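A.B. asks: mmCIF, C-alpha atoms, file query_35.cif:
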```cif
data_upload
#
loop_
_atom_site.group_PDB
_atom_site.id
_atom_site.type_symbol
_atom_site.label_atom_id
_atom_site.label_comp_id
_atom_site.auth_asym_id
_atom_site.auth_seq_id
_atom_site.Cartn_x
_atom_site.Cartn_y
_atom_site.Cartn_z
ATOM 1 C CA GLN A 786 12.649 -14.820 1.252
ATOM 2 C CA VAL A 787 14.125 -11.838 3.061
ATOM 3 C CA GLN A 788 14.918 -11.548 6.761
ATOM 4 C CA LEU A 789 15.049 -8.059 8.225
ATOM 5 C CA VAL A 790 16.693 -6.945 11.468
ATOM 6 C CA GLU A 791 16.324 -3.405 12.763
ATOM 7 C CA SER A 792 18.764 -1.636 15.066
ATOM 8 C CA GLY A 793 19.598 1.846 16.295
ATOM 9 C CA GLY A 794 16.588 2.578 18.455
ATOM 10 C CA GLY A 795 16.876 4.055 21.919
ATOM 11 C CA LEU A 796 15.990 6.902 24.241
ATOM 12 C CA VAL A 797 16.600 10.461 23.080
ATOM 13 C CA GLN A 798 15.512 13.905 24.191
ATOM 14 C CA ALA A 799 13.159 15.981 22.110
ATOM 15 C CA GLY A 800 15.077 17.776 19.375
ATOM 16 C CA GLY A 801 17.658 15.018 19.181
ATOM 17 C CA SER A 802 18.526 12.598 16.416
ATOM 18 C CA LEU A 803 18.701 8.861 15.856
ATOM 19 C CA ARG A 804 19.658 6.723 12.907
ATOM 20 C CA LEU A 805 17.877 3.441 12.427
ATOM 21 C CA SER A 806 19.315 0.632 10.349
ATOM 22 C CA CYS A 807 17.664 -2.409 8.835
ATOM 23 C CA ALA A 808 19.954 -5.243 7.762
ATOM 24 C CA ALA A 809 18.546 -7.596 5.155
ATOM 25 C CA SER A 810 19.626 -11.155 4.505
ATOM 26 C CA GLY A 811 19.963 -12.683 1.075
ATOM 27 C CA ARG A 812 21.194 -11.399 -2.254
ATOM 28 C CA THR A 813 17.878 -9.964 -3.453
ATOM 29 C CA PHE A 814 17.759 -6.792 -1.352
ATOM 30 C CA SER A 815 18.044 -4.539 -4.381
ATOM 31 C CA THR A 816 14.953 -6.116 -5.956
ATOM 32 C CA TYR A 817 12.683 -4.905 -3.162
ATOM 33 C CA ALA A 818 11.139 -1.570 -2.394
ATOM 34 C CA MET A 819 11.688 -0.816 1.282
ATOM 35 C CA GLY A 820 9.737 1.040 3.894
ATOM 36 C CA TRP A 821 9.662 2.165 7.488
ATOM 37 C CA PHE A 822 6.555 1.973 9.611
ATOM 38 C CA ARG A 823 5.890 2.710 13.270
ATOM 39 C CA GLN A 824 3.390 1.738 15.917
ATOM 40 C CA ALA A 825 2.797 3.728 19.072
ATOM 41 C CA PRO A 826 1.116 2.224 22.141
ATOM 42 C CA GLY A 827 -2.618 1.909 21.609
ATOM 43 C CA LYS A 828 -2.393 3.013 17.984
ATOM 44 C CA GLU A 829 -2.386 1.294 14.628
ATOM 45 C CA ARG A 830 0.802 0.831 12.676
ATOM 46 C CA GLU A 831 1.407 3.766 10.341
ATOM 47 C CA PHE A 832 3.529 4.460 7.313
ATOM 48 C CA VAL A 833 6.631 6.591 7.873
ATOM 49 C CA ALA A 834 8.738 6.484 4.718
ATOM 50 C CA ALA A 835 9.524 4.364 1.676
ATOM 51 C CA ILE A 836 12.207 4.098 -0.963
ATOM 52 C CA SER A 837 12.281 2.540 -4.399
ATOM 53 C CA ARG A 838 14.544 -0.361 -5.352
ATOM 54 C CA SER A 839 17.242 1.865 -6.787
ATOM 55 C CA GLY A 840 16.839 4.540 -4.152
ATOM 56 C CA GLY A 841 15.865 7.088 -6.750
ATOM 57 C CA ASN A 842 12.400 7.717 -5.356
ATOM 58 C CA THR A 843 11.405 8.370 -1.769
ATOM 59 C CA TYR A 844 8.074 8.890 -0.053
ATOM 60 C CA TYR A 845 7.265 10.320 3.369
ATOM 61 C CA ALA A 846 4.350 10.708 5.703
ATOM 62 C CA ASP A 847 3.454 14.356 6.200
ATOM 63 C CA SER A 848 4.226 14.047 9.902
ATOM 64 C CA VAL A 849 7.925 13.325 9.263
ATOM 65 C CA LYS A 850 8.572 15.192 6.031
ATOM 66 C CA GLY A 851 11.565 17.499 6.400
ATOM 67 C CA ARG A 852 12.764 15.761 9.575
ATOM 68 C CA PHE A 853 13.344 12.126 8.511
ATOM 69 C CA THR A 854 15.408 10.827 5.614
ATOM 70 C CA ILE A 855 15.188 7.312 4.225
ATOM 71 C CA SER A 856 18.117 5.852 2.303
ATOM 72 C CA ARG A 857 19.531 2.505 1.292
ATOM 73 C CA ASP A 858 22.868 0.947 0.460
ATOM 74 C CA ASN A 859 22.251 -1.978 -1.867
ATOM 75 C CA ALA A 860 25.901 -3.049 -1.681
ATOM 76 C CA LYS A 861 25.514 -3.489 2.081
ATOM 77 C CA ASN A 862 21.943 -4.830 2.005
ATOM 78 C CA THR A 863 20.990 -2.122 4.475
ATOM 79 C CA LEU A 864 18.161 0.362 4.817
ATOM 80 C CA TYR A 865 18.457 3.506 6.935
ATOM 81 C CA LEU A 866 16.199 6.062 8.539
ATOM 82 C CA GLN A 867 17.852 9.260 9.732
ATOM 83 C CA MET A 868 15.561 10.943 12.228
ATOM 84 C CA ASN A 869 16.228 14.560 13.214
ATOM 85 C CA SER A 870 14.313 17.071 15.322
ATOM 86 C CA LEU A 871 12.603 14.233 17.132
ATOM 87 C CA LYS A 872 9.367 14.901 18.988
ATOM 88 C CA PRO A 873 7.686 12.975 21.817
ATOM 89 C CA GLU A 874 4.971 11.954 19.343
ATOM 90 C CA ASP A 875 7.618 10.069 17.348
ATOM 91 C CA THR A 876 7.811 7.558 20.202
ATOM 92 C CA ALA A 877 6.946 4.142 18.788
ATOM 93 C CA VAL A 878 8.277 0.786 17.717
ATOM 94 C CA TYR A 879 9.780 1.234 14.272
ATOM 95 C CA TYR A 880 9.619 -1.546 11.707
ATOM 96 C CA CYS A 881 11.284 -1.965 8.358
ATOM 97 C CA ALA A 882 9.549 -3.826 5.557
ATOM 98 C CA ALA A 883 10.322 -5.154 2.084
ATOM 99 C CA GLY A 884 7.945 -5.512 -0.815
ATOM 100 C CA VAL A 885 7.415 -5.573 -4.531
ATOM 101 C CA THR A 886 6.227 -1.977 -4.504
ATOM 102 C CA TRP A 887 6.492 0.863 -2.019
ATOM 103 C CA TYR A 888 2.861 0.425 -0.993
ATOM 104 C CA ASP A 889 2.699 -3.384 -0.753
ATOM 105 C CA TYR A 890 4.964 -5.159 1.749
ATOM 106 C CA THR A 891 5.587 -8.849 2.243
ATOM 107 C CA TYR A 892 8.429 -9.093 4.748
ATOM 108 C CA TRP A 893 8.698 -7.362 8.111
ATOM 109 C CA GLY A 894 11.341 -6.990 10.780
ATOM 110 C CA GLN A 895 10.814 -7.420 14.518
ATOM 111 C CA GLY A 896 11.001 -3.722 15.279
ATOM 112 C CA THR A 897 13.166 -1.384 17.344
ATOM 113 C CA GLN A 898 11.914 0.908 20.099
ATOM 114 C CA VAL A 899 12.346 4.662 19.796
ATOM 115 C CA THR A 900 11.462 6.762 22.822
ATOM 116 C CA VAL A 901 11.589 10.556 22.723
ATOM 117 C CA SER A 902 11.412 12.318 26.079
ATOM 118 C CA SER A 903 10.094 15.841 26.469
#
```
Could you take the file, read its structure, and then write that structure out as structure tokens?

C.D. replies:
Amino acid sequence: QVQLVESGGGLVQAGGSLRLSCAASGRTFSTYAMGWFRQAPGKEREFVAAISRSGGNTYYADSVKGRFTISRDNAKNTLYLQMNSLKPEDTAVYYCAAGVTWYDYTYWGQGTQVTVSS
């Protein structure tokens, strides 16, 4: 089992940057594909980005491509999401997730709030 704890959310002006982190418990972090998802008020949760177990492959939603970068440090059991050029529509609760593949997730964190003001 994996426990995930997100951090790094906050309030930022449009055009600004934030870096989210997701700390994973246990010694099996490197065996999981990892992803970031987000859920805005009144909307369904949506995929943001994913990364393979080794970090060699990454995947992005079209809405964040070129602005967000997903990365991982398997030695530190930590997943990251660097978010640049933030827009008000990026406002949401951001969740990290772990799974066997980048499109099938089993474990989820509690989420961290990101608010982008215009």

A.B. asks: By how many Å are atom CA of Asn842 of chain A and atom CA of Gln788 of chain A apart?

C.D. replies: 22.9 Å

A.B. asks: Go through A:Pro826, A:Gly841, A:Gly820, A:Gly800 and flag the residue nearest Gln898 of chain A, using all atoms listed in the file for the distances.

C.D. replies: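 Closest residue, counting all atoms listed in the file: A:Pro826.
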
A.B. asks: When you count all atoms listed in the file, which of these residues is closest to Val833 of chain A: A:Thr813, A:Thr854, A:Thr897, A:Ser792?

C.D. replies: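 The shortest atom-to-atom distance to Val833 of chain A comes from A:Thr854.
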
A.B. asks: Out of A:Ala834, A:Leu796, A:Ser870, A:Ile855, which residue has the shortest atom-to-atom distance to Phe822 of chain A when counting all atoms listed in the file?

C.D. replies: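 Of A:Ala834, A:Leu796, A:Ser870, A:Ile855, the one nearest Phe822 of chain A, counting all atoms listed in the file, is A:Ala834.
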
A.B. asks: If the PyMOL selection byres ((chain A and resi 896) around 6) were run on this exact file, what residues would it hold? Put them as a PyMOL selection string.

C.D. replies: chain A and resi 791+878-880+894-895+897

A.B. asks: With C-alpha atoms kept, could you save the residues just selected as an mmCIF file, keeping the file's coordinate frame?

C.D. replies:
```cif
data_model
loop_
_atom_site.group_PDB
_atom_site.id
_atom_site.type_symbol
_atom_site.label_atom_id
_atom_site.label_comp_id
_atom_site.auth_asym_id
_atom_site.auth_seq_id
_atom_site.Cartn_x
_atom_site.Cartn_y
_atom_site.Cartn_z
ATOM 1 C CA GLU A 791 16.324 -3.405 12.763
ATOM 2 C CA VAL A 878 8.277 0.786 17.717
ATOM 3 C CA TYR A 879 9.780 1.234 14.272
ATOM 4 C CA TYR A 880 9.619 -1.546 11.707
ATOM 5 C CA GLY A 894 11.341 -6.990 10.780
ATOM 6 C CA GLN A 895 10.814 -7.420 14.518
ATOM 7 C CA THR A 897 13.166 -1.384 17.344
#
```

A.B. asks: Suppose you want the space between atom CA of Thr863 of chain A and atom CA of Asp889 of chain A; what is it in Å?

C.D. replies: 19.1 Å

A.B. asks: On this structure, which residues satisfy the PyMOL selection byres ((chain A and resi 873-875) around 12), written as a ChimeraX atom specification?

C.D. replies: /A:794-803,822-826,828,831,833,848-849,852-853,868-872,876-879,898-903

A.B. asks: Please provide as a ChimeraX atom specification all residues within 7 Å of Ile836 of chain A, with the sequence filter that same-chain residues fewer than 3 positions apart are discarded (counting only C-alpha atoms).

C.D. replies: /A:818-820,840,842-844,855-856,887

A.B. asks: Kindly give the distance, in Å, that separates atom CA of Thr886 of chain A and atom CA of Arg838 of chain A, rounded to a single decimal.

C.D. replies: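 That distance, rounded to one decimal, is 8.5 Å.
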
A.B. asks: With a distance cut-off of 9 Å and all atoms listed in the file, select the neighbouring residues of segment 859-862 of chain A, excluding the residue or stretch itself and same-chain residues fewer than 6 positions from it, and output the selection as an mmCIF file with C-alpha atoms, keeping the file's coordinate frame.

C.D. replies:
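Final file, result27.cif:
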```cif
data_model
loop_
_atom_site.group_PDB
_atom_site.id
_atom_site.type_symbol
_atom_site.label_atom_id
_atom_site.label_comp_id
_atom_site.auth_asym_id
_atom_site.auth_seq_id
_atom_site.Cartn_x
_atom_site.Cartn_y
_atom_site.Cartn_z
ATOM 1 C CA CYS A 807 17.664 -2.409 8.835
ATOM 2 C CA ALA A 808 19.954 -5.243 7.762
ATOM 3 C CA ALA A 809 18.546 -7.596 5.155
ATOM 4 C CA SER A 810 19.626 -11.155 4.505
ATOM 5 C CA GLY A 811 19.963 -12.683 1.075
ATOM 6 C CA ARG A 812 21.194 -11.399 -2.254
ATOM 7 C CA THR A 813 17.878 -9.964 -3.453
ATOM 8 C CA PHE A 814 17.759 -6.792 -1.352
ATOM 9 C CA SER A 815 18.044 -4.539 -4.381
ATOM 10 C CA ARG A 838 14.544 -0.361 -5.352
ATOM 11 C CA SER A 839 17.242 1.865 -6.787
ATOM 12 C CA GLY A 840 16.839 4.540 -4.152
#
```
